[in-house]
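Chemist: If it helps, the file is called run15.cif and holds mmCIF, C-alpha atoms:
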data_final
#
loop_
_atom_site.label_atom_id
_atom_site.label_comp_id
_atom_site.auth_asym_id
_atom_site.auth_seq_id
_atom_site.Cartn_x
_atom_site.Cartn_y
_atom_site.Cartn_z
CA MET S 1 0.00 0.00 0.00
CA ALA S 2 1.37 3.41 -0.94
CA GLY S 3 1.66 6.17 1.61
CA ARG S 4 2.41 6.20 5.30
CA ALA S 5 0.15 5.06 8.11
CA VAL S 6 0.26 5.57 11.84
CA GLY S 7 -1.44 3.00 14.04
CA ALA S 8 -2.52 3.09 17.65
CA GLY S 9 -3.32 0.18 19.88
CA PRO S 10 -1.55 -2.59 21.78
CA ALA S 11 2.22 -2.45 21.46
CA PRO S 12 3.84 -5.11 19.23
CA PRO S 13 5.49 -8.01 21.03
CA ALA S 14 8.94 -6.98 19.81
CA GLY S 15 10.67 -3.73 18.98
CA PRO S 16 10.80 -0.37 20.75
CA ALA S 17 7.65 0.69 22.60
CA ARG S 18 6.33 4.06 21.45
CA HIS S 19 3.40 4.36 23.79
CA ASP S 20 3.13 5.90 27.22
CA PRO S 21 3.97 3.17 29.76
CA ALA S 22 1.16 4.52 31.94
CA ILE S 23 -1.29 2.92 29.50
CA GLU S 24 -0.29 -0.59 30.51
CA GLU S 25 -0.36 0.38 34.18
CA VAL S 26 -4.15 0.58 33.85
CA ARG S 27 -4.89 -3.11 34.24
CA HIS S 28 -8.00 -5.10 33.54
CA ASP S 29 -9.90 -6.34 36.58
CA ASP S 30 -13.02 -7.55 34.79
CA TYR S 31 -12.52 -11.00 36.30
CA LEU S 32 -13.76 -9.50 39.57
CA GLY S 33 -17.20 -8.80 38.10
CA ARG S 34 -19.83 -11.23 39.35
CA THR S 35 -22.03 -10.95 36.26
CA SER S 36 -21.33 -10.52 32.56
CA VAL S 37 -22.64 -6.96 32.69
CA ALA S 38 -20.47 -6.10 35.71
CA SER S 39 -17.46 -7.56 33.92
CA LEU S 40 -18.26 -5.52 30.82
CA ARG S 41 -18.53 -2.32 32.86
CA ARG S 42 -15.11 -2.96 34.40
CA SER S 43 -13.41 -3.68 31.08
CA THR S 44 -14.85 -0.62 29.35
CA ARG S 45 -13.75 1.64 32.23
CA VAL S 46 -10.20 0.42 31.54
CA PHE S 47 -10.46 1.61 27.93
CA VAL S 48 -11.56 5.06 29.11
CA GLU S 49 -8.73 5.35 31.64
CA ARG S 50 -6.15 4.19 29.11
CA GLY S 51 -7.64 6.59 26.59
CA ARG S 52 -6.60 9.59 28.67
CA PHE S 53 -2.95 8.69 28.07
CA GLU S 54 -3.43 8.00 24.37
CA LEU S 55 -4.24 11.57 23.37
CA ASP S 56 -0.72 12.98 23.50
CA ASP S 57 0.72 9.70 22.21
CA LEU S 58 -1.14 9.85 18.93
CA ARG S 59 -0.78 13.61 18.53
CA SER S 60 2.99 13.22 18.88
CA ALA S 61 3.03 10.37 16.37
CA ILE S 62 1.04 12.43 13.84
CA THR S 63 3.45 15.34 14.22
CA ALA S 64 6.50 13.09 13.88
CA GLU S 65 5.29 10.93 10.99
CA ALA S 66 2.92 13.14 8.94
CA PRO S 67 0.83 10.08 7.99
CA ASP S 68 -1.58 9.75 5.10
CA VAL S 69 -3.97 7.59 7.11
CA LEU S 70 -4.48 6.53 10.72
CA VAL S 71 -5.26 2.94 11.73
CA ILE S 72 -6.59 2.65 15.27
CA ASP S 73 -7.34 -0.35 17.46
CA THR S 74 -11.03 -0.13 18.32
CA ASN S 75 -10.22 -0.47 22.04
CA ALA S 76 -7.90 2.57 21.93
CA TRP S 77 -10.75 4.95 22.72
CA GLY S 78 -8.58 8.01 23.29
CA ALA S 79 -6.61 7.47 20.10
CA ALA S 80 -9.88 7.03 18.20
CA ALA S 81 -11.05 10.40 19.51
CA VAL S 82 -7.83 12.05 18.29
CA ALA S 83 -8.26 10.38 14.89
CA ASP S 84 -11.88 11.52 14.73
CA ALA S 85 -10.81 15.12 15.32
CA SER S 86 -7.66 15.05 13.17
CA GLY S 87 -9.14 15.72 9.76
CA LEU S 88 -7.13 12.77 8.44
CA PRO S 89 -8.64 9.63 6.91
CA TRP S 90 -8.75 6.94 9.55
CA ALA S 91 -9.80 3.37 10.03
CA SER S 92 -10.53 1.17 13.01
CA ILE S 93 -9.29 -2.37 13.47
CA GLN S 94 -11.97 -4.32 15.34
CA PRO S 95 -10.65 -7.65 16.70
CA PHE S 96 -13.74 -8.75 18.67
CA PRO S 97 -17.47 -9.30 17.98
CA THR S 98 -19.10 -5.98 17.29
CA PRO S 99 -21.53 -4.60 19.88
CA LEU S 100 -23.61 -2.92 17.15
CA PRO S 101 -27.26 -3.90 17.73
CA ALA S 102 -29.37 -5.46 15.00
CA PRO S 103 -32.69 -7.33 14.77
CA GLY S 104 -32.26 -10.96 15.74
CA VAL S 105 -28.84 -10.35 17.33
CA PRO S 106 -28.83 -10.63 21.15
CA PRO S 107 -27.48 -7.74 23.24
CA PHE S 108 -23.71 -7.83 23.46
CA GLY S 109 -22.09 -9.32 26.55
CA PRO S 110 -23.92 -12.29 28.06
CA GLY S 111 -23.37 -14.59 25.06
CA LEU S 112 -27.04 -15.40 24.51
CA ARG S 113 -28.23 -17.65 21.71
CA PRO S 114 -29.78 -15.75 18.80
CA ARG S 115 -33.55 -16.19 18.56
CA ARG S 116 -35.68 -14.72 15.80
CA ASP S 117 -39.04 -15.83 17.16
CA ALA S 118 -41.42 -13.76 19.27
CA VAL S 119 -39.79 -14.93 22.50
CA GLY S 120 -36.36 -13.93 21.25
CA ARG S 121 -37.54 -10.52 20.10
CA ALA S 122 -39.16 -9.91 23.49
CA ARG S 123 -36.06 -11.10 25.34
CA ASP S 124 -33.74 -8.89 23.30
CA GLY S 125 -36.07 -5.92 23.55
CA VAL S 126 -36.07 -6.13 27.34
CA LEU S 127 -32.39 -6.95 27.86
CA ARG S 128 -30.72 -4.70 25.30
CA PRO S 129 -31.47 -1.40 27.06
CA LEU S 130 -30.55 -2.96 30.39
CA VAL S 131 -27.17 -4.24 29.19
CA ILE S 132 -26.26 -1.23 27.07
CA GLY S 133 -27.68 1.16 29.65
CA ALA S 134 -25.56 -0.30 32.45
CA VAL S 135 -22.36 0.17 30.46
CA GLN S 136 -23.41 3.56 29.13
CA ARG S 137 -24.11 4.94 32.60
CA ALA S 138 -20.70 3.79 33.75
CA VAL S 139 -18.51 5.09 30.92
CA LEU S 140 -20.27 7.46 28.49
CA GLY S 141 -19.67 10.58 30.59
CA PRO S 142 -15.96 9.89 31.19
CA LEU S 143 -15.52 8.84 27.55
CA ASN S 144 -17.00 12.11 26.34
CA GLU S 145 -14.59 13.96 28.64
CA VAL S 146 -11.74 12.18 26.85
CA ARG S 147 -13.27 13.05 23.49
CA ARG S 148 -13.58 16.71 24.47
CA GLY S 149 -9.90 16.67 25.38
CA ALA S 150 -9.20 15.40 21.86
CA GLY S 151 -11.45 17.99 20.22
CA ALA S 152 -13.83 15.28 19.00
CA PRO S 153 -17.63 15.57 19.10
CA PRO S 154 -19.37 13.90 22.03
CA LEU S 155 -21.22 10.62 21.57
CA GLU S 156 -24.94 10.33 22.23
CA GLY S 157 -24.65 6.62 22.95
CA ILE S 158 -21.86 4.17 23.68
CA VAL S 159 -22.36 2.08 20.53
CA GLU S 160 -22.08 5.18 18.34
CA GLN S 161 -18.31 4.97 18.55
CA TYR S 162 -18.40 1.81 16.40
CA LEU S 163 -19.98 3.82 13.58
CA ARG S 164 -17.66 6.84 13.80
CA PRO S 165 -14.72 5.35 11.84
CA PRO S 166 -15.01 5.90 8.08
CA LEU S 167 -13.68 2.35 7.70
CA THR S 168 -13.72 -0.59 10.09
CA LEU S 169 -11.44 -3.51 9.31
CA TYR S 170 -13.42 -6.26 10.98
CA LEU S 171 -11.11 -9.18 11.79
CA THR S 172 -13.63 -11.95 11.36
CA SER S 173 -15.85 -13.66 8.81
CA ARG S 174 -19.54 -13.47 8.00
CA ALA S 175 -19.55 -17.22 8.50
CA PHE S 176 -18.55 -16.72 12.14
CA GLU S 177 -20.83 -13.78 12.90
CA HIS S 178 -24.48 -13.90 13.94
CA PRO S 179 -26.55 -13.32 10.78
CA ARG S 180 -27.74 -9.76 10.14
CA GLU S 181 -29.95 -8.40 7.41
CA GLU S 182 -27.31 -5.81 6.56
CA TRP S 183 -23.95 -4.48 7.65
CA PRO S 184 -22.74 -0.86 7.64
CA ASP S 185 -20.94 0.02 4.41
CA SER S 186 -17.93 1.02 6.51
CA PHE S 187 -17.35 -2.58 7.64
CA CYS S 188 -14.79 -4.65 5.75
CA PHE S 189 -14.62 -8.34 6.71
CA THR S 190 -10.98 -9.35 6.53
CA GLY S 191 -11.17 -12.82 8.07
CA PRO S 192 -9.19 -13.73 11.22
CA LEU S 193 -5.85 -12.17 12.00
CA ALA S 194 -3.26 -14.85 11.19
CA TRP S 195 -0.09 -13.00 12.13
CA ASP S 196 2.52 -14.62 14.36
CA PRO S 197 5.70 -12.95 15.62
CA ARG S 198 8.85 -14.38 14.15
CA ALA S 199 10.05 -17.27 16.25
CA ALA S 200 12.48 -20.13 16.03
CA PRO S 201 10.95 -23.51 15.14
CA PHE S 202 9.04 -24.84 18.10
CA ASP S 203 9.38 -28.43 19.26
CA VAL S 204 5.75 -29.56 19.15
CA PRO S 205 4.97 -32.55 21.39
CA PRO S 206 4.32 -35.82 19.54
CA GLY S 207 0.84 -37.18 18.93
CA PRO S 208 -2.44 -35.24 18.78
CA VAL S 209 -2.26 -32.01 20.75
CA ALA S 210 -4.85 -30.15 22.80
CA LEU S 211 -3.84 -26.49 22.64
CA VAL S 212 -5.02 -24.65 25.77
CA THR S 213 -4.96 -20.84 25.67
CA THR S 214 -5.32 -18.18 28.36
CA SER S 215 -5.55 -14.39 28.14
CA SER S 216 -2.60 -12.16 27.34
CA GLU S 217 -3.84 -9.79 30.07
CA PHE S 218 -4.29 -11.29 33.53
CA GLN S 219 -7.78 -12.68 33.96
CA ALA S 220 -7.48 -15.33 36.69
CA ASP S 221 -7.97 -17.98 34.01
CA GLY S 222 -5.12 -20.26 35.10
CA VAL S 223 -7.82 -22.60 36.40
CA LEU S 224 -8.48 -23.54 32.79
CA VAL S 225 -4.96 -24.95 32.45
CA ARG S 226 -5.14 -26.72 35.81
CA THR S 227 -8.49 -28.29 34.91
CA ALA S 228 -7.35 -29.31 31.43
CA ARG S 229 -4.31 -31.17 32.71
CA TYR S 230 -6.54 -33.35 34.92
CA ALA S 231 -9.39 -33.62 32.42
CA LEU S 232 -7.16 -34.91 29.62
CA ASP S 233 -4.80 -37.05 31.66
CA GLY S 234 -4.99 -40.61 30.38
CA THR S 235 -6.30 -39.60 26.94
CA ASP S 236 -4.45 -39.75 23.65
CA LEU S 237 -3.98 -35.97 23.79
CA THR S 238 -0.89 -34.07 24.86
CA VAL S 239 -1.83 -30.80 26.56
CA LEU S 240 0.16 -27.77 25.41
CA ALA S 241 -0.92 -24.71 27.40
CA THR S 242 0.08 -21.09 26.82
CA MET S 243 -0.03 -18.56 29.67
CA PRO S 244 1.19 -15.25 28.23
CA ALA S 245 0.06 -13.27 31.29
CA GLY S 246 2.83 -15.04 33.18
CA ALA S 247 0.93 -17.23 35.66
CA SER S 248 2.51 -20.52 36.64
CA VAL S 249 1.17 -24.03 37.08
CA THR S 250 2.90 -26.65 39.17
CA ASP S 251 2.53 -30.42 39.25
CA VAL S 252 2.36 -30.77 35.48
CA PRO S 253 1.71 -34.40 34.45
CA ARG S 254 3.68 -36.18 31.78
CA ASN S 255 1.09 -35.56 29.07
CA ALA S 256 1.14 -31.77 29.61
CA ARG S 257 3.44 -28.87 28.90
CA VAL S 258 3.02 -25.25 29.96
CA GLU S 259 4.70 -22.36 28.14
CA GLU S 260 4.42 -18.59 28.42
CA PHE S 261 4.21 -18.24 24.65
CA VAL S 262 4.36 -20.48 21.61
CA PRO S 263 3.69 -19.59 17.96
CA HIS S 264 0.23 -21.09 17.44
CA SER S 265 0.84 -21.36 13.71
CA GLN S 266 3.43 -24.05 14.45
CA VAL S 267 1.18 -25.93 16.88
CA LEU S 268 -2.22 -25.91 15.18
CA PRO S 269 -1.25 -28.29 12.33
CA HIS S 270 -0.75 -30.90 15.08
CA ALA S 271 -3.82 -29.98 17.17
CA ALA S 272 -6.93 -32.12 17.44
CA VAL S 273 -8.73 -29.54 19.57
CA ALA S 274 -8.16 -26.10 21.09
CA VAL S 275 -9.44 -25.31 24.58
CA THR S 276 -9.62 -21.53 24.72
CA HIS S 277 -10.55 -18.81 27.17
CA GLY S 278 -12.65 -17.33 24.37
CA GLY S 279 -10.25 -14.66 23.19
CA MET S 280 -11.22 -13.79 19.64
CA GLY S 281 -7.68 -14.10 18.35
CA ALA S 282 -6.84 -17.52 19.76
CA THR S 283 -10.28 -18.97 19.07
CA GLN S 284 -10.49 -17.79 15.47
CA ARG S 285 -6.90 -18.78 14.80
CA ALA S 286 -7.76 -22.36 15.73
CA LEU S 287 -10.96 -22.34 13.69
CA ALA S 288 -9.17 -20.82 10.69
CA ALA S 289 -6.84 -23.83 10.84
CA GLY S 290 -9.83 -26.20 10.85
CA VAL S 291 -9.36 -27.11 14.53
CA PRO S 292 -12.57 -27.39 16.61
CA VAL S 293 -12.70 -25.54 19.92
CA VAL S 294 -13.98 -25.73 23.46
CA VAL S 295 -14.56 -22.20 24.75
CA VAL S 296 -14.61 -21.46 28.48
CA PRO S 297 -15.27 -17.69 28.79
CA PHE S 298 -13.86 -15.70 31.68
CA GLY S 299 -15.16 -12.22 30.78
CA ARG S 300 -14.89 -9.37 28.26
CA ASP S 301 -16.15 -10.46 24.83
CA GLN S 302 -15.42 -14.14 25.43
CA ALA S 303 -18.97 -15.41 25.94
CA GLU S 304 -19.88 -13.79 22.62
CA VAL S 305 -16.96 -15.52 20.91
CA GLY S 306 -17.91 -18.87 22.41
CA ARG S 307 -21.53 -18.53 21.35
CA ARG S 308 -20.49 -17.78 17.77
CA ALA S 309 -18.25 -20.85 17.68
CA GLU S 310 -21.15 -22.93 18.96
CA ARG S 311 -23.60 -21.43 16.45
CA ALA S 312 -21.17 -22.18 13.62
CA GLY S 313 -21.19 -25.84 14.70
CA ALA S 314 -17.42 -25.79 15.18
CA GLY S 315 -17.18 -25.49 18.93
CA VAL S 316 -18.56 -26.28 22.37
CA LEU S 317 -19.35 -23.52 24.85
CA LEU S 318 -18.68 -24.50 28.46
CA PRO S 319 -19.61 -21.76 30.97
CA ARG S 320 -16.97 -20.93 33.55
CA ARG S 321 -19.30 -21.79 36.42
CA ARG S 322 -19.65 -25.33 35.03
CA LEU S 323 -15.94 -25.93 34.53
CA THR S 324 -14.92 -29.26 36.06
CA ALA S 325 -12.51 -31.91 34.84
CA PRO S 326 -15.27 -34.40 33.87
CA ARG S 327 -17.27 -31.74 32.02
CA LEU S 328 -14.22 -30.42 30.20
CA ARG S 329 -13.24 -33.94 29.20
CA ALA S 330 -16.75 -34.50 27.79
CA ALA S 331 -16.68 -31.16 25.99
CA VAL S 332 -13.34 -32.01 24.37
CA ARG S 333 -14.71 -35.36 23.28
CA GLU S 334 -17.73 -33.63 21.70
CA ALA S 335 -15.62 -30.94 20.07
CA ARG S 336 -13.42 -33.48 18.34
CA THR S 337 -16.48 -34.77 16.49
CA LEU S 338 -16.96 -31.26 15.04
CA GLN S 339 -13.80 -31.25 12.95
CA PRO S 340 -15.67 -31.41 9.59
CA ALA S 341 -17.65 -28.29 10.55
CA ALA S 342 -14.47 -26.56 11.69
CA GLN S 343 -12.85 -27.31 8.36
CA ARG S 344 -15.87 -25.92 6.48
CA LEU S 345 -15.70 -22.78 8.61
CA ALA S 346 -11.98 -22.46 7.87
CA ARG S 347 -12.70 -22.51 4.14
CA ALA S 348 -15.38 -19.83 4.54
CA MET S 349 -13.05 -17.66 6.61
CA ALA S 350 -10.40 -17.90 3.91
CA GLU S 351 -12.85 -16.40 1.40
CA GLU S 352 -12.97 -13.01 3.17
CA ALA S 353 -11.00 -9.99 2.00
CA GLY S 354 -7.82 -10.76 3.92
CA ALA S 355 -4.86 -8.40 4.22
CA ALA S 356 -4.95 -7.53 0.51
CA GLY S 357 -8.61 -6.55 0.69
CA ALA S 358 -7.97 -4.46 3.80
CA ALA S 359 -5.12 -2.64 2.01
CA ASP S 360 -7.37 -1.99 -0.98
CA ARG S 361 -10.06 -0.48 1.25
CA LEU S 362 -7.48 1.70 3.03
CA GLU S 363 -6.14 2.96 -0.29
CA ALA S 364 -9.67 3.72 -1.47
CA LEU S 365 -10.34 5.58 1.79
CA VAL S 366 -7.29 7.80 1.29
CA ARG S 367 -8.07 8.37 -2.40
CA ASP S 368 -11.72 9.28 -1.79
CA TRP S 369 -10.83 11.48 1.20
CA ARG S 370 -8.87 13.76 -1.05
#
What's the structure tokens form of this structure?
Modeler:
Amino acid sequence: MAGRAVGAGPAPPAGPARHDPAIEEVRHDDYLGRTSVASLRRSTRVFVERGRFELDDLRSAITAEAPDVLVIDTNAWGAAAVADASGLPWASIQPFPTPLPAPGVPPFGPGLRPRRDAVGRARDGVLRPLVIGAVQRAVLGPLNEVRRGAGAPPLEGIVEQYLRPPLTLYLTSRAFEHPREEWPDSFCFTGPLAWDPRAAPFDVPPGPVALVTTSSEFQADGVLVRTARYALDGTDLTVLATMPAGASVTDVPRNARVEEFVPHSQVLPHAAVAVTHGGMGATQRALAAGVPVVVVPFGRDQAEVGRRAERAGAGVLLPRRRLTAPRLRAAVREARTLQPAAQRLARAMAEEAGAAGAADRLEALVRDWR
């Protein structure tokens, strides 16, 4: 793609950090929420607090780089406000299920099953204002303070921010999303993000592997690894667990291995199943490789991710409150029967625009802006 772009969002895993270190000092505590709505309120407050530090970061980057286009992580709320006020063409990268409401799509957060009958419409009509209202009351005022500091117009509602970007690069597939009658013209489905940092070849354990993933930001989800090692002991599966937030697990049996990080692209060709915390990246990466999943959500968008995997027929959703070794073992057994559906979903995901399509849309955005 011609031109120069400046991006804002999570720092890359390697290379010099260019963001204010205070951003990462604002840590997620959504795992302390006792309900999905309480968890959602906590996580969105983090985005507001981090956003206060993003204003000067992005302004400085614009001054230093003189970019042609800005590309902003959708969770970088302060940076998005600066982009909105900058007068430059800008795009959002959205790496999680969109909260935009639509007929037949349940309110974002609890991970409800879509229902298009009268009962479903009544359920969604009652719950949507309750769920959205709870989050909006908690963060809309502080978010608009951040936006005023950036010189951006205030938002009338919390979901409006997902329609502000002229272009949204949506890192998923229509085949994975809940069906909608229409999508905003600004949304470009790219398919899942398949990038891995460069790494030396990884020594993958022999035999079929169960890849177990936990969050890259602490979420008290180490119990998933501890449960998986007991649940799958004595099976034909070797457990390979990743814990990038740095937690540790002791008493690892012979059929298990725990690492802080491994390149999933090297592991998934050997995986029979992925047991995930429901992070969109890890879950979709497995599905894009044709590997069925068991999703055990711990908060944030993870129940929504798990429900979409279930609806696609390529995964099993196991609520956190029901997580036990016998239930996880049964869920893994069921998920392994879903491999044909996972492979069909992988083919559908590969048909989306991809990186080339995203670059084309960005170039068109810059061209039309002028």
Chemist: With all atoms listed in the file as the counted atoms, please give the residues lying no more than 12 Å from Arg322 in chain S, apart from itself and same-chain residues fewer than 2 positions off, as an MDAnalysis selection string.
Modeler: chainID S and resid 224 227 295:298 317:320 324:328 331
Chemist: Quick one: residues within 9 Å of Pro165 in chain S, all atoms listed in the file, excluding same-chain residues fewer than 6 positions away - as a PDB file with C-alpha atoms, in the coordinates of the input?
Modeler:
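Contents of around_21.pdb, freshly written:
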ATOM      1  CA  ALA S  80      -9.880   7.030  18.200  1.00  0.00           C
ATOM      2  CA  ALA S  83      -8.260  10.380  14.890  1.00  0.00           C
ATOM      3  CA  ASP S  84     -11.880  11.520  14.730  1.00  0.00           C
ATOM      4  CA  PRO S  89      -8.640   9.630   6.910  1.00  0.00           C
ATOM      5  CA  TRP S  90      -8.750   6.940   9.550  1.00  0.00           C
ATOM      6  CA  ALA S  91      -9.800   3.370  10.030  1.00  0.00           C
ATOM      7  CA  SER S  92     -10.530   1.170  13.010  1.00  0.00           C
ATOM      8  CA  SER S 186     -17.930   1.020   6.510  1.00  0.00           C
TER       9      SER S 186
END
Chemist: For CA of Ala175 in chain S and CA of Glu352 in chain S, determine how far apart the two atoms are, in Å to one decimal place.
Modeler: 9.5 Å
Chemist: With distances taken over only C-alpha atoms, which residue among S:Pro263, S:Gly78, S:Gly354, S:Gly281 lies nearest Ala200 in chain S?
Modeler: S:Pro263
Chemist: Select, from S:Ala76, S:Leu338, S:Ala150, S:Leu232, the residue with the minimum atom-to-atom distance to Gly315 in chain S, counting only C-alpha atoms.
Modeler: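 Checking each candidate against Gly315 in chain S, we get S:Leu338 as the closest.
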Chemist: Name the residues captured by the PyMOL selection byres ((chain S and resi 273) around 8) when it is applied to the shown file; answer as an MDAnalysis selection string.
Modeler: chainID S and resid 209:211 271:272 274:275 291:294 332 335:336
Chemist: Go through S:Arg148, S:His178, S:Arg59, S:Arg50 and flag the residue nearest Leu100 in chain S, using only C-alpha atoms for the distances.
Modeler: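 Under the stated criterion, the closest residue is S:His178.
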Chemist: Do you know which residues the PyMOL selection byres ((chain S and resi 219) around 12) returns on this file, as JSON, numbers by chain?
Modeler: {"S": [27, 28, 29, 30, 31, 32, 33, 39, 43, 213, 214, 215, 216, 217, 218, 220, 221, 222, 223, 224, 243, 244, 245, 246, 247, 277, 278, 279, 297, 298, 299, 300, 302]}
Chemist: Pick the closest to Leu143 in chain S from S:Tyr162, S:Phe176, S:Trp77, S:Phe53: which is it, counting only C-alpha atoms?
Modeler: S:Trp77
Chemist: Restricting the calculation to only C-alpha atoms, which member of S:Val105, S:Leu237, S:Ala289, S:Leu169 is positioned closest to Gly207 in chain S?
Modeler: S:Leu237
Chemist: Ranking S:Ala341, S:Ala38, S:Ala194, S:Val48 by minimum distance to Gly141 in chain S and counting all atoms listed in the file, which one comes first?
Modeler: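 Closest to Gly141 in chain S of all the choices is S:Val48.
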Chemist: When the PyMOL selection byres ((chain S and resi 144) around 12) is applied to the file above, which residues end up in the set, as a PyMOL selection string?
Modeler: chain S and resi 48-49+51-52+77-78+80-81+136-143+145-158+160-161
Chemist: If you measure from CA of Val26 in chain S to CA of Leu58 in chain S, what distance in Å do you get, rounded to one decimal?
Modeler: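 Interatomic distance, CA of Val26 in chain S to CA of Leu58 in chain S: 17.8 Å.
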Chemist: Could you work out how far CA of Asn255 in chain S lies from CA of Thr238 in chain S, giving the answer in Å with one decimal?
Modeler: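 Going from CA of Thr238 in chain S over to CA of Asn255 in chain S, I get 4.9 Å.
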Chemist: Is there a way to complete range 67-83 of chain S with N, CA, C and O atoms and then write that out as a short mmCIF file (atom, residue, chain, number, x, y, z; two decimals), in the frame of the given file?
Modeler:
data_model
loop_
_atom_site.label_atom_id
_atom_site.label_comp_id
_atom_site.auth_asym_id
_atom_site.auth_seq_id
_atom_site.Cartn_x
_atom_site.Cartn_y
_atom_site.Cartn_z
N PRO S 67 1.40 11.23 8.71
CA PRO S 67 0.83 10.08 7.99
C PRO S 67 -0.25 10.48 6.99
O PRO S 67 -0.85 11.56 7.09
N ASP S 68 -0.48 9.59 6.04
CA ASP S 68 -1.58 9.75 5.10
C ASP S 68 -2.88 9.19 5.64
O ASP S 68 -3.97 9.58 5.21
N VAL S 69 -2.78 8.25 6.57
CA VAL S 69 -3.97 7.59 7.11
C VAL S 69 -3.63 7.08 8.51
O VAL S 69 -2.48 6.74 8.80
N LEU S 70 -4.63 7.05 9.36
CA LEU S 70 -4.48 6.53 10.72
C LEU S 70 -5.23 5.21 10.82
O LEU S 70 -6.35 5.08 10.31
N VAL S 71 -4.62 4.24 11.50
CA VAL S 71 -5.26 2.94 11.73
C VAL S 71 -5.25 2.71 13.24
O VAL S 71 -4.18 2.61 13.85
N ILE S 72 -6.43 2.62 13.82
CA ILE S 72 -6.59 2.65 15.27
C ILE S 72 -7.25 1.37 15.77
O ILE S 72 -8.29 0.96 15.23
N ASP S 73 -6.67 0.77 16.79
CA ASP S 73 -7.34 -0.35 17.46
C ASP S 73 -8.65 0.14 18.07
O ASP S 73 -8.69 1.20 18.70
N THR S 74 -9.71 -0.59 17.88
CA THR S 74 -11.03 -0.13 18.32
C THR S 74 -11.12 0.03 19.83
O THR S 74 -12.00 0.73 20.33
N ASN S 75 -10.22 -0.62 20.59
CA ASN S 75 -10.22 -0.47 22.04
C ASN S 75 -9.34 0.68 22.51
O ASN S 75 -9.24 0.93 23.71
N ALA S 76 -8.68 1.38 21.58
CA ALA S 76 -7.90 2.57 21.93
C ALA S 76 -8.83 3.77 21.81
O ALA S 76 -8.80 4.52 20.83
N TRP S 77 -9.67 3.96 22.81
CA TRP S 77 -10.75 4.95 22.72
C TRP S 77 -10.22 6.38 22.66
O TRP S 77 -10.80 7.23 21.98
N GLY S 78 -9.15 6.68 23.37
CA GLY S 78 -8.58 8.01 23.29
C GLY S 78 -7.97 8.28 21.94
O GLY S 78 -8.15 9.35 21.35
N ALA S 79 -7.22 7.32 21.41
CA ALA S 79 -6.61 7.47 20.10
C ALA S 79 -7.69 7.62 19.02
O ALA S 79 -7.52 8.40 18.07
N ALA S 80 -8.79 6.90 19.16
CA ALA S 80 -9.88 7.03 18.20
C ALA S 80 -10.46 8.44 18.22
O ALA S 80 -10.83 9.00 17.18
N ALA S 81 -10.54 9.03 19.41
CA ALA S 81 -11.05 10.40 19.51
C ALA S 81 -10.12 11.38 18.81
O ALA S 81 -10.56 12.29 18.10
N VAL S 82 -8.80 11.20 18.98
CA VAL S 82 -7.83 12.05 18.29
C VAL S 82 -7.97 11.88 16.78
O VAL S 82 -7.97 12.87 16.02
N ALA S 83 -8.10 10.64 16.33
CA ALA S 83 -8.26 10.38 14.89
C ALA S 83 -9.52 11.04 14.36
O ALA S 83 -9.53 11.64 13.28
#
